[in-house]
$ cat final.txt   # compact mmCIF, C-alpha atoms
# COMPACT_ATOMS: atom_id res chain seq x y z
CA MET I 133 -21.56 23.51 37.47
CA ALA I 134 -19.33 25.17 40.05
CA LEU I 135 -19.88 25.92 43.71
CA SER I 136 -17.37 28.02 45.60
CA ILE I 137 -16.97 29.84 48.90
CA GLN I 138 -14.52 32.56 49.79
CA PHE I 139 -13.75 33.44 53.38
CA LEU I 140 -14.39 37.09 54.28
CA GLY I 141 -12.91 36.37 57.70
CA THR I 142 -12.03 33.39 59.88
CA GLY I 143 -11.62 34.85 63.36
CA THR I 144 -13.52 34.83 66.60
CA SER I 145 -15.64 37.72 67.87
CA VAL I 146 -12.73 39.98 68.90
CA GLY I 147 -10.69 39.30 65.76
CA VAL I 148 -6.98 38.53 65.52
CA PRO I 149 -4.82 40.35 66.45
CA GLN I 150 -6.68 41.33 69.59
CA ILE I 151 -6.48 44.95 70.67
CA GLY I 152 -3.55 45.45 73.02
CA CYS I 153 -2.25 41.87 72.80
CA THR I 154 1.39 40.98 72.09
CA CYS I 155 1.11 37.19 72.08
CA PRO I 156 2.98 35.29 69.31
CA THR I 157 -0.12 35.05 67.12
CA CYS I 158 -1.16 38.68 67.53
CA ILE I 159 2.31 39.96 66.53
CA SER I 160 2.83 37.31 63.85
CA GLN I 161 3.88 38.47 60.38
CA ASP I 162 2.15 35.48 58.75
CA PRO I 163 -0.87 36.99 56.92
CA ARG I 164 -2.87 33.85 57.78
CA ASP I 165 -2.73 34.95 61.43
CA LYS I 166 -4.64 38.16 60.61
CA ARG I 167 -8.28 37.21 61.07
CA ARG I 168 -11.33 39.36 60.49
CA ARG I 169 -14.62 38.16 61.90
CA THR I 170 -16.11 35.07 60.27
CA GLY I 171 -18.32 35.04 57.17
CA VAL I 172 -18.27 33.77 53.58
CA HIS I 173 -19.22 34.76 50.03
CA VAL I 174 -20.85 31.88 48.14
CA VAL I 175 -20.88 31.77 44.33
CA THR I 176 -22.69 29.39 41.99
CA ASP I 177 -23.21 29.53 38.22
CA ARG I 178 -26.42 31.51 38.70
CA THR I 179 -26.15 33.49 41.92
CA ALA I 180 -23.91 34.84 44.67
CA PHE I 181 -24.79 35.42 48.32
CA LEU I 182 -23.33 36.09 51.74
CA ILE I 183 -23.51 33.92 54.80
CA ASP I 184 -23.44 36.51 57.59
CA THR I 185 -22.34 40.15 57.48
CA PRO I 186 -19.37 40.37 59.86
CA PRO I 187 -18.01 43.77 60.97
CA GLU I 188 -15.27 44.02 58.31
CA MET I 189 -17.48 42.88 55.42
CA ARG I 190 -17.01 46.12 53.48
CA LEU I 191 -13.22 45.88 53.71
CA SER I 192 -13.28 42.23 52.71
CA ALA I 193 -15.50 42.96 49.71
CA LEU I 194 -13.08 45.66 48.58
CA ASP I 195 -9.99 43.51 49.12
CA LEU I 196 -11.50 40.47 47.36
CA GLY I 197 -13.22 42.36 44.53
CA ILE I 198 -16.71 41.20 45.52
CA THR I 199 -19.37 43.09 43.55
CA LYS I 200 -22.15 40.52 43.24
CA VAL I 201 -24.40 39.70 46.22
CA GLU I 202 -28.01 38.80 45.50
CA ALA I 203 -29.08 37.54 48.94
CA VAL I 204 -27.91 37.26 52.53
CA VAL I 205 -28.22 34.21 54.77
CA ILE I 206 -27.73 34.74 58.52
CA THR I 207 -26.60 32.08 60.99
CA HIS I 208 -27.52 33.89 64.22
CA CYS I 209 -27.80 37.33 65.74
CA HIS I 210 -24.49 37.74 67.55
CA MET I 211 -22.92 41.07 66.61
CA ASP I 212 -19.78 39.57 65.08
CA HIS I 213 -22.07 38.00 62.45
CA ILE I 214 -24.45 40.89 61.73
CA ALA I 215 -22.61 44.15 62.50
CA ALA I 216 -22.12 45.10 58.82
CA PHE I 217 -25.69 44.36 57.77
CA ASP I 218 -26.22 48.04 56.97
CA ASP I 219 -23.52 47.77 54.28
CA VAL I 220 -25.78 45.46 52.27
CA ARG I 221 -27.39 48.66 50.94
CA ARG I 222 -24.51 49.05 48.50
CA PHE I 223 -25.52 45.81 46.81
CA ASN I 224 -29.11 47.09 46.56
CA THR I 225 -27.65 49.79 44.33
CA LEU I 226 -25.31 47.51 42.40
CA ASN I 227 -28.25 45.20 41.65
CA GLY I 228 -30.46 48.16 40.69
CA LYS I 229 -32.01 49.13 37.38
CA PRO I 230 -32.43 52.49 35.61
CA GLY I 231 -35.61 54.35 36.56
CA PRO I 232 -37.71 56.63 34.32
CA ASP I 233 -35.22 59.46 34.83
CA GLY I 234 -32.26 57.24 34.03
CA LYS I 235 -31.02 57.11 37.61
CA ILE I 236 -30.37 53.72 39.18
CA VAL I 237 -33.18 52.49 41.41
CA GLY I 238 -32.10 50.03 44.08
CA VAL I 239 -33.58 46.55 44.17
CA PRO I 240 -34.66 44.90 47.46
CA MET I 241 -32.65 41.90 48.55
CA ARG I 242 -33.84 38.80 50.36
CA CYS I 243 -32.39 37.96 53.77
CA TYR I 244 -32.94 34.46 55.13
CA GLY I 245 -32.76 33.41 58.76
CA ALA I 246 -34.52 31.61 61.58
CA PRO I 247 -37.51 33.53 63.01
CA GLU I 248 -35.57 34.49 66.16
CA THR I 249 -32.65 35.68 64.03
CA ILE I 250 -34.85 37.87 61.83
CA ALA I 251 -36.52 39.32 64.94
CA GLY I 252 -33.07 40.20 66.29
CA LEU I 253 -32.06 41.88 63.04
CA ARG I 254 -35.24 43.96 63.07
CA ALA I 255 -34.48 45.04 66.64
CA VAL I 256 -30.88 46.06 65.87
CA PHE I 257 -31.74 47.69 62.51
CA PRO I 258 -35.31 49.00 62.98
CA TYR I 259 -35.05 51.37 60.00
CA ILE I 260 -34.70 48.60 57.42
CA THR I 261 -37.51 48.38 54.88
CA ASP I 262 -38.15 46.82 51.47
CA LYS I 263 -38.83 50.21 49.86
CA ALA I 264 -36.66 53.08 48.66
CA ASN I 265 -36.46 56.01 51.03
CA ALA I 266 -38.60 58.95 49.90
CA GLN I 267 -35.87 61.47 50.82
CA GLY I 268 -33.26 59.58 48.81
CA LEU I 269 -31.36 58.43 51.88
CA TYR I 270 -29.46 55.19 51.51
CA ARG I 271 -30.89 52.47 53.72
CA PRO I 272 -30.86 48.72 53.18
CA MET I 273 -33.83 47.42 51.18
CA ILE I 274 -34.54 43.96 52.54
CA ASN I 275 -37.25 41.35 52.17
CA PHE I 276 -36.87 39.17 55.25
CA VAL I 277 -37.64 35.47 54.75
CA LEU I 278 -38.20 33.23 57.79
CA VAL I 279 -36.39 29.91 57.46
CA ASN I 280 -37.61 26.70 59.05
CA SER I 281 -36.80 24.29 56.20
CA ALA I 282 -34.78 24.02 53.01
CA PHE I 283 -35.14 26.78 50.44
CA GLN I 284 -33.92 27.54 46.93
CA LEU I 285 -31.58 30.33 45.81
CA ALA I 286 -31.41 30.10 42.01
CA ASP I 287 -29.49 26.86 41.34
CA ALA I 288 -28.57 26.24 44.99
CA THR I 289 -30.58 24.36 47.60
CA ILE I 290 -29.93 25.70 51.10
CA THR I 291 -30.76 23.47 54.07
CA PRO I 292 -30.64 24.96 57.60
CA LEU I 293 -28.52 22.99 60.06
CA PRO I 294 -29.73 23.77 63.61
CA VAL I 295 -26.91 23.63 66.16
CA GLU I 296 -26.43 24.54 69.83
CA HIS I 297 -24.44 27.73 70.41
CA GLY I 298 -26.45 30.17 72.53
CA PRO I 299 -29.15 32.07 70.64
CA ARG I 300 -30.93 30.01 68.01
CA THR I 301 -28.21 29.26 65.47
CA ASN I 302 -28.25 27.64 62.06
CA GLY I 303 -25.41 26.33 60.01
CA TYR I 304 -26.30 25.74 56.38
CA ARG I 305 -25.83 23.00 53.82
CA ILE I 306 -25.46 24.24 50.24
CA ASP I 307 -26.14 21.80 47.40
CA CYS I 308 -25.56 22.82 43.80
CA GLY I 309 -24.80 20.87 40.64
CA GLY I 310 -24.00 17.66 42.48
CA HIS I 311 -21.61 19.41 44.91
CA SER I 312 -22.18 20.15 48.59
CA ILE I 313 -20.71 22.42 51.26
CA GLY I 314 -21.65 22.35 54.93
CA TYR I 315 -21.10 25.57 56.87
CA VAL I 316 -21.23 25.52 60.69
CA SER I 317 -19.20 28.46 61.95
CA ASP I 318 -20.52 28.70 65.53
CA CYS I 319 -21.58 25.75 67.66
CA LYS I 320 -20.93 23.73 70.78
CA VAL I 321 -23.10 20.71 69.95
CA ILE I 322 -24.40 19.37 66.64
CA PRO I 323 -27.57 17.35 67.35
CA GLU I 324 -27.98 13.90 65.79
CA SER I 325 -30.84 15.19 63.64
CA THR I 326 -28.50 17.81 62.17
CA LEU I 327 -25.63 15.37 61.71
CA ALA I 328 -27.98 13.29 59.57
CA LEU I 329 -28.32 16.28 57.22
CA MET I 330 -24.55 16.66 56.92
CA ARG I 331 -23.60 13.31 55.40
CA GLY I 332 -21.78 13.16 52.07
CA LEU I 333 -20.35 16.67 52.05
CA ASP I 334 -17.60 17.61 49.62
CA VAL I 335 -16.49 20.39 51.95
CA LEU I 336 -17.19 21.01 55.63
CA VAL I 337 -16.51 24.39 57.24
CA LEU I 338 -16.53 23.93 61.00
CA ASP I 339 -16.09 25.96 64.19
CA CYS I 340 -12.81 25.45 66.07
CA LEU I 341 -12.05 28.21 68.54
CA ARG I 342 -8.90 26.76 70.14
CA GLU I 343 -7.56 23.64 71.89
CA ARG I 344 -8.92 24.45 75.36
CA ALA I 345 -12.59 23.81 76.08
CA HIS I 346 -15.08 26.67 75.70
CA PRO I 347 -18.73 26.81 76.85
CA THR I 348 -20.24 27.83 73.49
CA HIS I 349 -17.70 26.88 70.80
CA LEU I 350 -16.04 23.68 69.65
CA ASN I 351 -12.45 23.12 70.62
CA LEU I 352 -10.06 21.11 68.45
CA ASP I 353 -10.84 17.67 69.91
CA GLU I 354 -14.58 18.26 69.62
CA ALA I 355 -14.31 19.53 66.05
CA LEU I 356 -12.17 16.59 64.95
CA ALA I 357 -14.61 14.15 66.55
CA TYR I 358 -17.37 15.54 64.31
CA VAL I 359 -15.07 15.37 61.29
CA ARG I 360 -14.49 11.67 61.95
CA GLN I 361 -18.24 11.06 62.21
CA LEU I 362 -19.09 12.95 59.02
CA ALA I 363 -16.05 12.03 56.88
CA PRO I 364 -16.37 14.96 54.44
CA GLY I 365 -14.09 15.21 51.43
CA GLN I 366 -12.26 18.19 52.96
CA THR I 367 -12.66 20.19 56.17
CA TYR I 368 -11.74 23.82 56.87
CA LEU I 369 -11.72 25.08 60.47
CA VAL I 370 -12.88 28.63 61.23
CA HIS I 371 -13.79 31.09 64.00
CA MET I 372 -10.32 30.78 65.51
CA SER I 373 -8.93 32.78 68.42
CA HIS I 374 -5.40 34.09 68.93
CA ASP I 375 -4.63 30.79 70.67
CA VAL I 376 -4.33 29.34 67.15
CA LYS I 377 -1.08 30.18 65.34
CA HIS I 378 -1.72 29.10 61.78
CA ALA I 379 1.50 27.37 60.71
CA GLU I 380 2.07 25.55 64.01
CA PHE I 381 -1.55 24.51 64.49
CA GLU I 382 -2.14 23.32 60.94
CA ALA I 383 1.01 21.19 60.96
CA ARG I 384 -0.59 19.00 63.62
CA LEU I 385 -3.93 18.48 61.87
CA PRO I 386 -4.87 15.13 60.34
CA ALA I 387 -5.10 14.58 56.59
CA GLY I 388 -8.13 16.21 55.04
CA VAL I 389 -8.37 18.97 57.69
CA ARG I 390 -6.97 22.46 57.22
CA LEU I 391 -7.28 25.88 58.79
CA ALA I 392 -9.14 28.38 56.66
CA TYR I 393 -7.66 31.87 56.34
CA ASP I 394 -9.04 35.22 55.26
CA GLY I 395 -9.45 35.42 51.49
CA LEU I 396 -9.13 31.67 50.88
CA LYS I 397 -11.36 30.49 48.03
CA VAL I 398 -12.53 26.88 47.88
CA THR I 399 -14.24 25.48 44.78
CA CYS I 400 -16.03 22.14 44.46
$ encode --input "final.txt" --output "structure tokens"
Amino acid sequence: MALSIQFLGTGTSVGVPQIGCTCPTCISQDPRDKRRRTGVHVVTDRTAFLIDTPPEMRLSALDLGITKVEAVVITHCHMDHIAAFDDVRRFNTLNGKPGPDGKIVGVPMRCYGAPETIAGLRAVFPYITDKANAQGLYRPMINFVLVNSAFQLADATITPLPVEHGPRTNGYRIDCGGHSIGYVSDCKVIPESTLALMRGLDVLVLDCLRERAHPTHLNLDEALAYVRQLAPGQTYLVHMSHDVKHAEFEARLPAGVRLAYDGLKVTC
């Protein structure tokens, strides 16, 4: 059984390059220095789902040929992680079935998140419902599911990983077919109770904004300290700012730690 993730984006909230910036990273010709906002597409033998809906999700889906999304899992309600939630409606249609008249009828999709996260989504997107619009207008059809403990998505077990970032934020552990991926894209502190849930990972995806300290994100030293504690099989750093120039930064990383880049696919 296979478990894979593909990175829709790997950048911080303003993306890389930043508007109006001419720093070495922002003008770099290395495609790995072009970073859309952070999110991933997860695929197992029996399902496929998104973790977060970052602003460029539609473009990433087109570029990467993503046509299958059966659920959405949200880490937290910052705009760089939910801005493209409206675009989920296209997958309602792709997952749809022919109605009595032969036309495709969209199918509601489940969206999982902490109670505070779901409340935030409802506030930002108040028009979302689980029913088709009577006038035929395209709007996302969502069944929201409040997450306080592990849940099942087909053949994958998803365990929330509460971390400290600002608003209530969850990373997620994905277990499927004897393989495991931990995904913590935004955090400043990982509590001991959460670290206990992250042991034995094949792959760890972890926040690393830059080398300098930041009040709500891990810097390089902090991220590497967690990697040493957890000792995953492989680590990929994400949510990087323009302070991180891919080739130069990655060359200084220890064995078993790499920078993720947009479009990278990792399979366990």
$ atom_distance --input "final.txt" --atom1 "CA of Pro364 in chain I" --atom2 "CA of Leu333 in chain I"
4.9 Å
$ residues_near_point --input "final.txt" --point "(-4.3, 29.9, 70.7)" --cutoff "9 Å" --atoms "only C-alpha atoms" --output "ChimeraX atom specification"
/I:157,341-344,372-377,381
$ closest_residue --input "final.txt" --among "I:Ile306, I:Thr144, I:Pro240, I:Asp184" --to "Leu285 in chain I" --atoms "all atoms listed in the file"
I:Ile306
$ closest_atom_pairs --input "final.txt" --of "range 273-338 of chain I" --to "range 383-399 of chain I" --cutoff "10 Å" --atoms "only C-alpha atoms" --output "JSON lines"
{"residue": "I:His311", "atom": "CA", "partner": "I:Thr399", "partner_atom": "CA", "distance": 9.5}
{"residue": "I:Ile313", "atom": "CA", "partner": "I:Thr399", "partner_atom": "CA", "distance": 9.7}
{"residue": "I:Asp334", "atom": "CA", "partner": "I:Thr399", "partner_atom": "CA", "distance": 9.8}
{"residue": "I:Val335", "atom": "CA", "partner": "I:Val398", "partner_atom": "CA", "distance": 8.6}
{"residue": "I:Leu336", "atom": "CA", "partner": "I:Val389", "partner_atom": "CA", "distance": 9.3}
{"residue": "I:Val337", "atom": "CA", "partner": "I:Ala392", "partner_atom": "CA", "distance": 8.4}
{"residue": "I:Leu338", "atom": "CA", "partner": "I:Ala392", "partner_atom": "CA", "distance": 9.7}
$ closest_residue --input "final.txt" --among "I:Leu226, I:Asp219, I:Cys153, I:Gln138" --to "Asp195 in chain I" --atoms "all atoms listed in the file"
I:Gln138
$ closest_residue --input "final.txt" --among "I:Tyr244, I:Tyr259, I:Phe283, I:Phe139" --to "Val175 in chain I" --atoms "all atoms listed in the file"
I:Phe139
$ atom_distance --input "final.txt" --atom1 "CA of Ile290 in chain I" --atom2 "CA of Met189 in chain I"
21.7 Å
$ closest_residue --input "final.txt" --among "I:Thr154, I:Pro186, I:Val204, I:Gln161" --to "Leu140 in chain I" --atoms "all atoms listed in the file"
I:Pro186
